[in-house]
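Structure below is protein_0.cif: mmCIF, C-alpha atoms and all ligand atoms.
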data_target
#
loop_
_atom_site.label_atom_id
_atom_site.label_comp_id
_atom_site.auth_asym_id
_atom_site.auth_seq_id
_atom_site.Cartn_x
_atom_site.Cartn_y
_atom_site.Cartn_z
CA MET U 245 -54.62 101.29 0.51
CA THR U 246 -51.02 101.83 1.54
CA LEU U 247 -48.47 101.89 -1.22
CA ARG U 248 -44.75 101.97 -0.71
CA ASN U 249 -43.18 104.70 1.41
CA GLU U 250 -39.87 105.35 3.16
CA THR U 251 -40.46 102.49 5.64
CA HIS U 252 -40.21 99.96 2.78
CA ASP U 253 -36.82 101.14 1.51
CA PRO U 254 -34.80 97.91 1.21
CA ALA U 255 -31.61 99.84 1.99
CA LEU U 256 -32.74 100.66 5.54
CA ARG U 257 -30.67 99.03 8.28
CA SER U 258 -31.33 98.87 11.99
CA TRP U 259 -29.02 99.38 14.97
CA VAL U 260 -30.42 96.01 16.10
CA ALA U 261 -27.80 93.96 14.26
CA SER U 262 -29.83 90.75 13.98
CA ALA U 263 -32.44 92.62 11.92
CA ASN U 264 -29.86 93.10 9.14
CA SER U 265 -29.00 89.43 8.61
CA ALA U 266 -29.76 87.98 5.20
CA GLY U 267 -32.87 85.83 5.48
CA ALA U 268 -34.06 87.44 8.74
CA ASP U 269 -37.85 87.23 9.14
CA PHE U 270 -38.07 90.54 10.97
CA PRO U 271 -35.96 93.25 9.33
CA ILE U 272 -36.75 96.93 9.97
CA GLN U 273 -39.11 96.92 6.96
CA ASN U 274 -41.44 94.38 8.64
CA LEU U 275 -42.23 95.47 12.22
CA PRO U 276 -45.02 92.94 13.02
CA PHE U 277 -46.95 92.91 16.30
CA ALA U 278 -47.41 90.22 18.96
CA VAL U 279 -48.42 89.92 22.61
CA PHE U 280 -45.69 88.55 24.86
CA ARG U 281 -44.00 88.45 28.26
CA ARG U 282 -40.75 87.00 29.58
CA GLN U 283 -41.02 83.21 29.94
CA GLY U 284 -41.59 81.85 33.39
CA THR U 285 -42.53 85.20 34.91
CA ALA U 286 -45.77 86.63 36.22
CA GLU U 287 -45.25 89.77 34.14
CA ALA U 288 -48.28 91.20 32.41
CA PHE U 289 -48.60 90.27 28.77
CA ARG U 290 -48.19 93.33 26.54
CA GLY U 291 -47.81 94.17 22.89
CA GLY U 292 -44.44 94.19 21.20
CA VAL U 293 -42.89 94.69 17.77
CA ALA U 294 -40.38 92.25 16.28
CA ILE U 295 -37.02 93.63 15.21
CA GLY U 296 -34.46 91.01 14.28
CA LEU U 297 -34.27 88.51 17.13
CA GLU U 298 -35.60 91.05 19.64
CA ILE U 299 -39.01 92.33 20.71
CA LEU U 300 -39.52 96.04 21.21
CA ASP U 301 -41.77 96.25 24.29
CA LEU U 302 -44.54 98.72 23.38
CA ALA U 303 -45.58 99.27 26.98
CA ALA U 304 -42.02 100.30 27.80
CA VAL U 305 -41.79 102.49 24.69
CA ALA U 306 -45.06 104.21 25.60
CA ALA U 307 -43.90 104.73 29.19
CA SER U 308 -40.64 106.28 28.00
CA GLY U 309 -42.64 109.10 26.43
CA VAL U 310 -40.28 109.50 23.47
CA LEU U 311 -42.97 109.15 20.80
CA HIS U 312 -45.54 111.83 20.11
CA GLY U 313 -49.02 112.38 18.74
CA SER U 314 -50.80 109.47 17.11
CA ALA U 315 -47.64 107.32 17.22
CA GLN U 316 -47.57 107.66 21.02
CA ALA U 317 -51.33 106.96 21.23
CA ALA U 318 -50.83 103.83 19.13
CA ALA U 319 -47.88 102.69 21.28
CA GLN U 320 -50.02 103.12 24.41
CA ALA U 321 -52.84 101.11 22.85
CA GLY U 322 -50.36 98.46 21.70
CA GLY U 323 -48.82 98.18 25.16
CA GLN U 324 -51.98 96.58 26.60
CA ASP U 325 -52.45 92.85 27.20
CA SER U 326 -54.13 92.39 23.83
CA LEU U 327 -53.88 94.29 20.56
CA ASN U 328 -57.65 94.95 20.28
CA SER U 329 -57.28 98.64 21.19
CA LEU U 330 -54.48 99.15 18.69
CA MET U 331 -56.44 97.23 16.06
CA SER U 332 -59.46 99.49 16.60
CA LEU U 333 -57.47 102.71 15.99
CA GLY U 334 -57.24 102.29 12.22
CA PRO U 335 -54.64 102.65 9.49
CA GLN U 336 -53.56 106.26 10.16
CA ALA U 337 -52.53 105.40 13.73
CA TRP U 338 -50.86 102.10 12.68
CA SER U 339 -48.97 103.92 9.96
CA ALA U 340 -47.85 106.72 12.31
CA LEU U 341 -46.48 104.16 14.76
CA ARG U 342 -44.76 102.22 11.98
CA LEU U 343 -43.04 105.35 10.68
CA ALA U 344 -41.96 106.46 14.16
CA LEU U 345 -40.54 103.01 15.01
CA SER U 346 -38.87 102.71 11.61
CA GLN U 347 -37.11 106.04 12.19
CA ALA U 348 -36.18 105.22 15.80
CA LEU U 349 -34.79 101.77 14.96
CA ARG U 350 -32.62 102.90 12.03
CA GLU U 351 -28.87 102.99 12.27
CA GLY U 352 -27.79 106.31 13.79
CA ALA U 353 -31.20 107.07 15.34
CA ALA U 354 -31.11 109.52 18.25
CA LEU U 355 -33.55 107.28 20.19
CA GLN U 356 -31.26 104.22 20.09
CA ALA U 357 -30.26 104.36 23.75
CA THR U 358 -33.86 104.80 24.94
CA LEU U 359 -35.28 102.03 22.77
CA ALA U 360 -32.38 99.64 23.44
CA ALA U 361 -33.64 99.55 27.03
CA CYS U 362 -37.06 98.41 25.76
CA LEU U 363 -35.82 95.24 23.99
CA VAL U 364 -36.57 91.69 25.12
CA PRO U 365 -34.95 88.73 23.30
CA GLN U 366 -37.53 86.63 21.45
CA ALA U 367 -35.74 83.52 22.71
CA SER U 368 -36.70 84.41 26.29
CA ALA U 369 -40.32 85.35 25.53
CA GLU U 370 -43.61 83.49 25.62
CA PHE U 371 -46.55 84.58 23.55
CA ALA U 372 -50.29 84.96 23.99
CA LEU U 373 -52.88 85.26 21.24
CA PRO U 374 -52.48 88.67 19.61
CA ALA U 375 -56.05 89.69 20.44
CA ARG U 376 -59.20 88.69 22.25
CA ILE U 377 -60.90 87.06 19.29
CA GLY U 378 -64.63 87.67 19.50
CA ASP U 379 -65.57 85.88 16.30
CA TYR U 380 -63.81 83.58 13.87
CA THR U 381 -65.00 83.01 10.33
CA ASP U 382 -63.30 80.50 8.07
CA PHE U 383 -63.51 81.09 4.33
CA TYR U 384 -62.75 78.76 1.44
CA THR U 385 -60.87 81.02 -0.96
CA SER U 386 -58.64 78.49 -2.76
CA ILE U 387 -60.53 77.14 -5.75
CA HIS U 388 -57.91 74.39 -6.00
CA HIS U 389 -58.66 73.22 -2.45
CA ALA U 390 -62.41 73.54 -2.98
CA THR U 391 -62.18 71.43 -6.14
CA ASN U 392 -59.85 68.79 -4.66
CA ILE U 393 -61.97 68.41 -1.52
CA GLY U 394 -65.20 68.54 -3.50
CA LYS U 395 -64.03 65.61 -5.66
CA GLN U 396 -63.58 63.50 -2.54
CA PHE U 397 -66.81 64.44 -0.80
CA ARG U 398 -68.95 64.73 -3.98
CA PRO U 399 -67.20 63.08 -6.96
CA ASP U 400 -70.02 63.99 -9.38
CA ASN U 401 -70.28 67.59 -8.28
CA PRO U 402 -66.99 68.91 -6.85
CA LEU U 403 -67.41 72.67 -7.21
CA LEU U 404 -70.86 73.96 -6.29
CA PRO U 405 -72.32 76.71 -8.48
CA ASN U 406 -72.08 79.48 -5.85
CA TYR U 407 -68.31 79.14 -5.52
CA LYS U 408 -67.32 81.49 -8.36
CA TRP U 409 -69.84 84.14 -7.29
CA MET U 410 -69.07 84.70 -3.62
CA PRO U 411 -66.41 83.97 -0.98
CA ILE U 412 -67.87 80.90 0.77
CA GLY U 413 -67.35 80.61 4.53
CA TYR U 414 -68.72 79.31 7.80
CA HIS U 415 -68.67 80.62 11.34
CA GLY U 416 -65.99 78.87 13.39
CA ARG U 417 -65.30 78.75 17.10
CA ALA U 418 -63.07 81.38 18.72
CA SER U 419 -62.66 79.73 22.15
CA SER U 420 -60.41 76.92 20.92
CA ILE U 421 -58.00 79.13 18.97
CA GLY U 422 -54.52 78.97 20.51
CA VAL U 423 -51.16 80.53 19.84
CA SER U 424 -48.21 78.70 18.27
CA GLY U 425 -46.89 76.08 20.67
CA GLN U 426 -50.42 74.83 21.23
CA SER U 427 -50.87 71.11 21.78
CA PHE U 428 -54.25 69.44 21.84
CA ARG U 429 -55.74 66.01 22.28
CA ARG U 430 -56.80 64.08 19.23
CA PRO U 431 -60.54 64.69 19.08
CA VAL U 432 -63.13 62.04 19.80
CA GLY U 433 -66.28 62.09 17.74
CA GLN U 434 -68.93 60.34 15.76
CA THR U 435 -68.01 58.76 12.44
CA PHE U 436 -69.65 56.39 9.95
CA PRO U 437 -66.83 54.22 8.55
CA PRO U 438 -67.27 52.61 5.14
CA GLY U 439 -69.00 49.24 5.51
CA ALA U 440 -70.38 50.00 8.98
CA THR U 441 -74.08 49.61 9.61
CA GLN U 442 -74.31 52.48 12.08
CA PRO U 443 -72.13 55.32 13.35
CA LEU U 444 -69.43 54.83 15.99
CA VAL U 445 -67.90 57.16 18.56
CA GLY U 446 -64.17 57.12 19.15
CA PRO U 447 -60.87 58.89 18.46
CA CYS U 448 -60.57 60.56 15.07
CA LYS U 449 -58.61 58.36 12.65
CA ARG U 450 -58.20 60.93 9.87
CA LEU U 451 -56.73 63.97 11.61
CA ASP U 452 -55.54 66.62 9.16
CA MET U 453 -54.00 70.07 9.09
CA GLU U 454 -55.04 73.01 6.91
CA LEU U 455 -52.52 75.61 5.74
CA GLU U 456 -54.22 79.00 5.99
CA ILE U 457 -53.57 82.69 6.53
CA ALA U 458 -55.49 84.51 9.29
CA VAL U 459 -56.77 88.04 8.73
CA PHE U 460 -57.09 90.19 11.88
CA ILE U 461 -59.89 92.73 11.62
CA GLY U 462 -59.10 96.29 12.72
CA PRO U 463 -61.87 98.84 13.24
CA GLY U 464 -65.30 97.23 13.15
CA ASN U 465 -68.45 98.38 11.40
CA ALA U 466 -71.82 99.19 12.93
CA ALA U 467 -74.56 96.60 12.55
CA GLY U 468 -76.50 97.30 9.38
CA GLU U 469 -73.63 99.26 7.80
CA PRO U 470 -71.85 97.20 5.13
CA VAL U 471 -68.19 97.90 4.37
CA ASP U 472 -67.62 98.82 0.74
CA MET U 473 -64.74 97.46 -1.29
CA ALA U 474 -63.22 100.98 -1.30
CA ASP U 475 -62.92 100.93 2.51
CA ALA U 476 -62.51 97.20 3.12
CA GLU U 477 -58.76 97.14 3.74
CA ASP U 478 -59.03 100.02 6.23
CA HIS U 479 -60.79 97.43 8.41
CA VAL U 480 -57.88 94.97 8.24
CA PHE U 481 -55.03 95.18 10.77
CA GLY U 482 -52.81 92.43 9.40
CA LEU U 483 -52.12 88.78 8.66
CA CYS U 484 -50.63 85.79 10.43
CA LEU U 485 -50.40 82.03 9.82
CA LEU U 486 -53.24 79.67 10.76
CA ASN U 487 -53.58 75.90 11.04
CA ASP U 488 -57.22 74.81 10.93
CA TRP U 489 -56.89 71.28 12.36
CA SER U 490 -59.58 69.10 10.81
CA ALA U 491 -61.02 65.68 11.68
CA ARG U 492 -61.89 64.36 8.23
CA ASP U 493 -63.78 61.26 9.33
CA ILE U 494 -65.95 63.30 11.68
CA GLN U 495 -66.37 65.97 8.99
CA ALA U 496 -67.51 63.51 6.30
CA TRP U 497 -70.38 62.27 8.47
CA GLU U 498 -71.49 65.54 10.07
CA TYR U 499 -71.04 68.20 7.38
CA GLN U 500 -74.35 67.93 5.59
CA PRO U 501 -76.54 69.93 5.61
CA LEU U 502 -75.11 72.74 7.77
CA GLY U 503 -71.34 72.46 7.25
CA PRO U 504 -68.35 71.76 9.54
CA PHE U 505 -69.03 71.57 13.27
CA LEU U 506 -67.14 69.32 15.71
CA SER U 507 -64.65 68.31 13.02
CA LYS U 508 -63.16 71.81 13.20
CA ASN U 509 -63.79 73.41 16.57
CA PHE U 510 -61.48 71.41 18.87
CA ALA U 511 -58.32 73.42 18.03
CA THR U 512 -57.05 76.12 15.67
CA THR U 513 -53.49 77.43 15.90
CA LEU U 514 -52.23 80.95 15.05
CA SER U 515 -48.68 82.24 14.70
CA PRO U 516 -47.89 84.98 17.26
CA TRP U 517 -46.71 87.72 14.89
CA VAL U 518 -49.25 89.81 12.96
CA VAL U 519 -47.76 91.34 9.82
CA THR U 520 -49.50 94.56 8.79
CA LEU U 521 -50.88 95.13 5.30
CA GLU U 522 -48.60 98.17 5.12
CA ALA U 523 -45.52 95.95 5.56
CA LEU U 524 -46.80 93.77 2.72
CA ALA U 525 -47.24 96.66 0.26
CA PRO U 526 -44.26 95.62 -1.92
CA TYR U 527 -45.78 92.16 -2.32
CA ARG U 528 -49.18 93.12 -3.68
CA LEU U 529 -50.35 91.57 -6.93
CA PRO U 530 -53.23 92.19 -9.31
CA PHE U 531 -56.40 90.22 -8.65
CA THR U 532 -57.32 88.31 -11.78
CA ARG U 533 -59.95 85.86 -12.91
CA PRO U 534 -59.31 82.93 -15.26
CA GLU U 535 -60.64 83.30 -18.78
CA GLY U 536 -64.33 82.38 -18.91
CA ASP U 537 -64.99 82.67 -15.16
CA PRO U 538 -67.64 85.15 -13.99
CA GLN U 539 -66.39 88.60 -13.04
CA PRO U 540 -67.16 89.62 -9.44
CA LEU U 541 -70.49 91.36 -8.85
CA PRO U 542 -70.11 95.13 -8.33
CA TYR U 543 -70.09 94.92 -4.51
CA LEU U 544 -67.05 92.59 -4.76
CA ASP U 545 -65.21 94.66 -7.35
CA SER U 546 -63.01 97.76 -7.29
CA ALA U 547 -60.21 99.13 -9.43
CA ALA U 548 -57.82 98.97 -6.47
CA ASN U 549 -58.69 95.33 -5.87
CA ARG U 550 -58.11 94.50 -9.52
CA ASN U 551 -54.81 96.38 -9.53
CA HIS U 552 -53.31 95.16 -6.25
CA GLY U 553 -55.81 93.30 -4.12
CA ALA U 554 -53.85 90.03 -3.90
CA PHE U 555 -50.70 89.19 -1.90
CA ASP U 556 -47.75 87.01 -2.82
CA VAL U 557 -46.89 85.22 0.43
CA GLU U 558 -44.81 82.05 0.18
CA LEU U 559 -46.07 79.32 2.48
CA GLU U 560 -44.42 76.12 3.63
CA VAL U 561 -45.61 73.21 5.76
CA LEU U 562 -43.21 70.97 7.65
CA LEU U 563 -43.91 67.91 9.78
CA GLN U 564 -41.88 66.78 12.77
CA THR U 565 -42.79 63.34 14.05
CA GLN U 566 -42.08 62.02 17.53
CA ARG U 567 -39.31 59.84 16.04
CA MET U 568 -37.66 62.89 14.44
CA ARG U 569 -37.72 64.67 17.80
CA ASP U 570 -36.36 61.60 19.58
CA GLN U 571 -33.51 61.35 17.06
CA GLY U 572 -32.79 65.08 17.01
CA GLN U 573 -33.89 65.47 13.39
CA PRO U 574 -35.40 68.69 12.07
CA ALA U 575 -38.95 68.90 10.78
CA ALA U 576 -39.39 67.48 7.27
CA HIS U 577 -40.63 69.57 4.36
CA LEU U 578 -44.13 68.62 3.22
CA VAL U 579 -45.44 71.36 0.93
CA GLN U 580 -44.69 74.81 -0.47
CA THR U 581 -47.20 77.08 -2.16
CA SER U 582 -48.23 80.75 -2.31
CA TYR U 583 -51.18 82.85 -1.20
CA ARG U 584 -51.18 84.33 -4.72
CA HIS U 585 -53.35 81.43 -5.95
CA ALA U 586 -56.41 82.39 -3.85
CA TYR U 587 -59.64 82.94 -5.79
CA TRP U 588 -60.97 85.74 -3.54
CA THR U 589 -59.07 88.63 -1.92
CA ILE U 590 -59.05 89.95 1.64
CA ALA U 591 -61.07 93.01 0.61
CA GLN U 592 -63.67 90.75 -1.00
CA MET U 593 -63.95 88.68 2.19
CA VAL U 594 -64.62 91.84 4.22
CA ALA U 595 -67.12 93.25 1.72
CA HIS U 596 -68.98 89.96 1.41
CA HIS U 597 -69.03 89.30 5.18
CA THR U 598 -70.67 92.67 5.82
CA VAL U 599 -72.94 93.02 2.76
CA ASN U 600 -75.89 91.80 4.82
CA GLY U 601 -75.12 94.28 7.61
CA CYS U 602 -73.15 91.85 9.78
CA ASN U 603 -70.98 93.85 12.19
CA LEU U 604 -67.30 93.00 12.55
CA GLN U 605 -65.30 93.87 15.66
CA ALA U 606 -61.63 94.65 16.23
CA GLY U 607 -59.78 91.38 16.84
CA ASP U 608 -62.13 89.22 14.78
CA VAL U 609 -60.31 86.62 12.69
CA PHE U 610 -61.02 85.47 9.15
CA GLY U 611 -59.30 82.32 7.95
CA THR U 612 -58.61 82.30 4.23
CA GLY U 613 -59.39 78.60 3.94
CA THR U 614 -56.79 76.03 2.95
CA LEU U 615 -54.40 77.69 0.51
CA SER U 616 -53.74 74.91 -1.97
CA GLY U 617 -51.97 75.84 -5.17
CA PRO U 618 -52.84 74.68 -8.68
CA THR U 619 -50.97 71.37 -8.52
CA LEU U 620 -51.49 68.56 -6.01
CA ASP U 621 -47.94 68.89 -4.64
CA GLN U 622 -48.94 72.42 -3.57
CA ALA U 623 -51.92 71.20 -1.57
CA GLY U 624 -52.36 72.61 1.93
CA ALA U 625 -53.98 69.58 3.55
CA LEU U 626 -53.13 65.87 3.85
CA ILE U 627 -56.51 64.82 2.47
CA GLU U 628 -55.40 66.33 -0.84
CA LEU U 629 -51.72 65.35 -0.69
CA THR U 630 -52.59 61.71 0.02
CA MET U 631 -55.64 61.51 -2.27
CA GLY U 632 -57.97 60.92 0.64
CA GLY U 633 -55.49 58.68 2.48
CA LYS U 634 -54.85 56.39 -0.50
CA GLN U 635 -51.32 57.63 -1.34
CA PRO U 636 -49.10 57.93 1.76
CA GLN U 637 -46.50 60.70 1.83
CA THR U 638 -42.93 59.58 2.51
CA LEU U 639 -41.06 61.91 4.87
CA ALA U 640 -37.34 62.73 4.77
CA ASN U 641 -36.49 60.08 7.40
CA GLY U 642 -38.44 57.34 5.59
CA GLU U 643 -41.54 57.47 7.78
CA THR U 644 -44.83 57.67 5.93
CA ARG U 645 -48.04 59.51 6.70
CA THR U 646 -51.56 59.52 5.38
CA TYR U 647 -53.07 61.48 8.26
CA LEU U 648 -51.48 62.86 11.44
CA GLU U 649 -50.30 60.51 14.18
CA ASP U 650 -49.98 61.22 17.89
CA GLY U 651 -46.84 63.23 18.60
CA ASP U 652 -46.78 64.86 15.17
CA ALA U 653 -45.99 68.57 15.18
CA VAL U 654 -47.04 70.61 12.15
CA VAL U 655 -44.98 73.72 11.41
CA ILE U 656 -46.24 76.40 9.03
CA ARG U 657 -43.87 79.10 7.81
CA GLY U 658 -44.59 82.14 5.66
CA TRP U 659 -42.47 84.82 4.01
CA CYS U 660 -42.30 87.29 1.14
CA ASP U 661 -39.10 87.78 -0.79
CA LYS U 662 -38.16 89.32 -4.14
CA PRO U 663 -35.52 91.54 -5.69
CA GLY U 664 -35.94 95.22 -4.85
CA ALA U 665 -37.79 94.69 -1.58
CA ALA U 666 -36.88 93.58 1.91
CA ARG U 667 -37.82 90.04 2.94
CA ILE U 668 -40.94 90.07 5.12
CA GLY U 669 -41.25 86.97 7.33
CA PHE U 670 -44.20 85.70 9.32
CA GLY U 671 -42.24 83.48 11.71
CA SER U 672 -43.83 80.11 12.33
CA CYS U 673 -47.02 78.47 13.56
CA VAL U 674 -46.48 75.19 15.43
CA GLY U 675 -49.02 72.80 16.90
CA THR U 676 -48.68 69.28 18.27
CA VAL U 677 -51.12 66.36 18.35
CA LEU U 678 -51.47 64.57 21.71
CA PRO U 679 -53.13 61.15 22.16
CA ALA U 680 -56.90 61.13 22.48
CA ARG U 681 -58.41 61.28 25.94
CA PRO U 682 -59.04 57.69 27.04
CA CYS U 683 -62.71 56.86 26.52
CA CA T 1 -60.36 75.63 6.94
#
Once you've parsed the file, please lay out its structure as structure tokens.
Ligand code: CA
Amino acid sequence: MTLRNETHDPALRSWVASANSAGADFPIQNLPFAVFRRQGTAEAFRGGVAIGLEILDLAAVAASGVLHGSAQAAAQAGGQDSLNSLMSLGPQAWSALRLALSQALREGAALQATLAACLVPQASAEFALPARIGDYTDFYTSIHHATNIGKQFRPDNPLLPNYKWMPIGYHGRASSIGVSGQSFRRPVGQTFPPGATQPLVGPCKRLDMELEIAVFIGPGNAAGEPVDMADAEDHVFGLCLLNDWSARDIQAWEYQPLGPFLSKNFATTLSPWVVTLEALAPYRLPFTRPEGDPQPLPYLDSAANRNHGAFDVELEVLLQTQRMRDQGQPAAHLVQTSYRHAYWTIAQMVAHHTVNGCNLQAGDVFGTGTLSGPTLDQAGALIELTMGGKQPQTLANGETRTYLEDGDAVVIRGWCDKPGAARIGFGSCVGTVLPARPC
């Protein structure tokens, strides 16, 4: 587990001036990774590191030959068209690259002239998914979300007895995961509306978003070889933002007995920038359990997890309707909450996922599940915010929403900020709902 080192020093400043602005998402203490190319070109996608409003092109840095040893090996791996190779190298290599880039991007660095030639403005870039995602597992780690949803689907029995004993999850679909900027057609599916005598097929009428964090897996584990809590975070490359679009009417009819299926697998959107766990070191928190709740079983427990297994990431959801875009209005604030409220940690997700011998691979994604906070105004999905569609939300321009309408764009933002540490931003995750395919 990485604790604070010289790369976290809040006094560090970069020769890239935009990295030093107050409120910048990508100061020199962050250094997140993405896969990009210049917009409108046939250039190869390659890995890059955000610094201020620029991207440091890792392929160009590697080709310049100015880094050495494991930092150079990591830059070469990161310069490929996906980050899977870099992810598979492990924390020592990631950390060596982070330190080398931190030193080279600081004010007064001898490498300034060389690296300045490797910068591409973010405004002129387009992004690809950070990795080839082999498998996607979605967890359910907010007890507040699980309880709120459970009340709607099973009023008598909202929280099932296994919830406080293990991180619940299901296997999702990797093929329909897209990068921020994704737009997708409203899904068509089978529903059983109240009062109907038989199911219908047609466009989803209760389309929802889910505010989540995505966990990118680094080095995998061999089949049959569980990952212990002590090693779990060594298998985690970093975090980004995730919107798990959900068709609630389809979900309500299909989910029993095997869980979500077509209500979830039509689209999932990720933010392009992956923030490393090392960058988040100043924002770790103790993992705690409410009084009277069961303590984790030994395979889900460690002193390090208890001391600093949780992360304090602020999360915000905004909604921009078609009318707002037509009238030049910004997206309207919908919700703000924090990842600190999750009931299970990242290390616990890894340990639980592999306890049966399941093998993870570099580039796999875990969703945390909807990260609702303790109060309903901190809920990460419309089904909670609107009490199942019964209480419409009024937006800043006077429009109201129960569920998402065609043309709606959902924007998720994430950041960490506190005195004594540099702000660490995640950028944003944007996805837009298109009309259903005509049936
Ligand atoms: Ca979800």
Hey, what's within 8 Å of Gln273 (chain U) if we count only C-alpha atoms and toss same-chain stuff fewer than 4 positions away? As an NGL selection string, please?
-> :U and (251-254 or 256 or 346 or 523 or 666 or 668)
Neighbours of ligand CA 1 (chain T) within 12 Å, counting all atoms listed in the file, as a PyMOL selection string?
-> chain U and resi 380-386+389-390+393+412-417+452-458+486-492+495+503-505+507-509+511-513+610-616+624-625
Per residue of region 254-274 of chain U within 12 Å of region 363-367 of chain U, which atom pair is closest and at what distance in Å (one decimal), using all atoms listed in the file, listed by chain and increasing number, as a tab-separated table?
residue	atom	partner	partner_atom	distance
U:Val260	CA	U:Leu363	CA	9.6
U:Ser262	CA	U:Pro365	CA	10.8
U:Phe270	CA	U:Gln366	CA	11.2
Give me, please, the distance in Å between CA of Glu522 (chain U) and CA of Trp659 (chain U), quoted to one decimal.
-> 14.7 Å
Spatial neighbours of Arg282 (chain U), 9 Å, all atoms listed in the file, chain gap at least 3 places, as a list in words | Thr285, Ala286, Glu287, Phe289, Val364, Pro365, Gln366, Ser368, Ala369, Glu370 and Phe371 of chain U
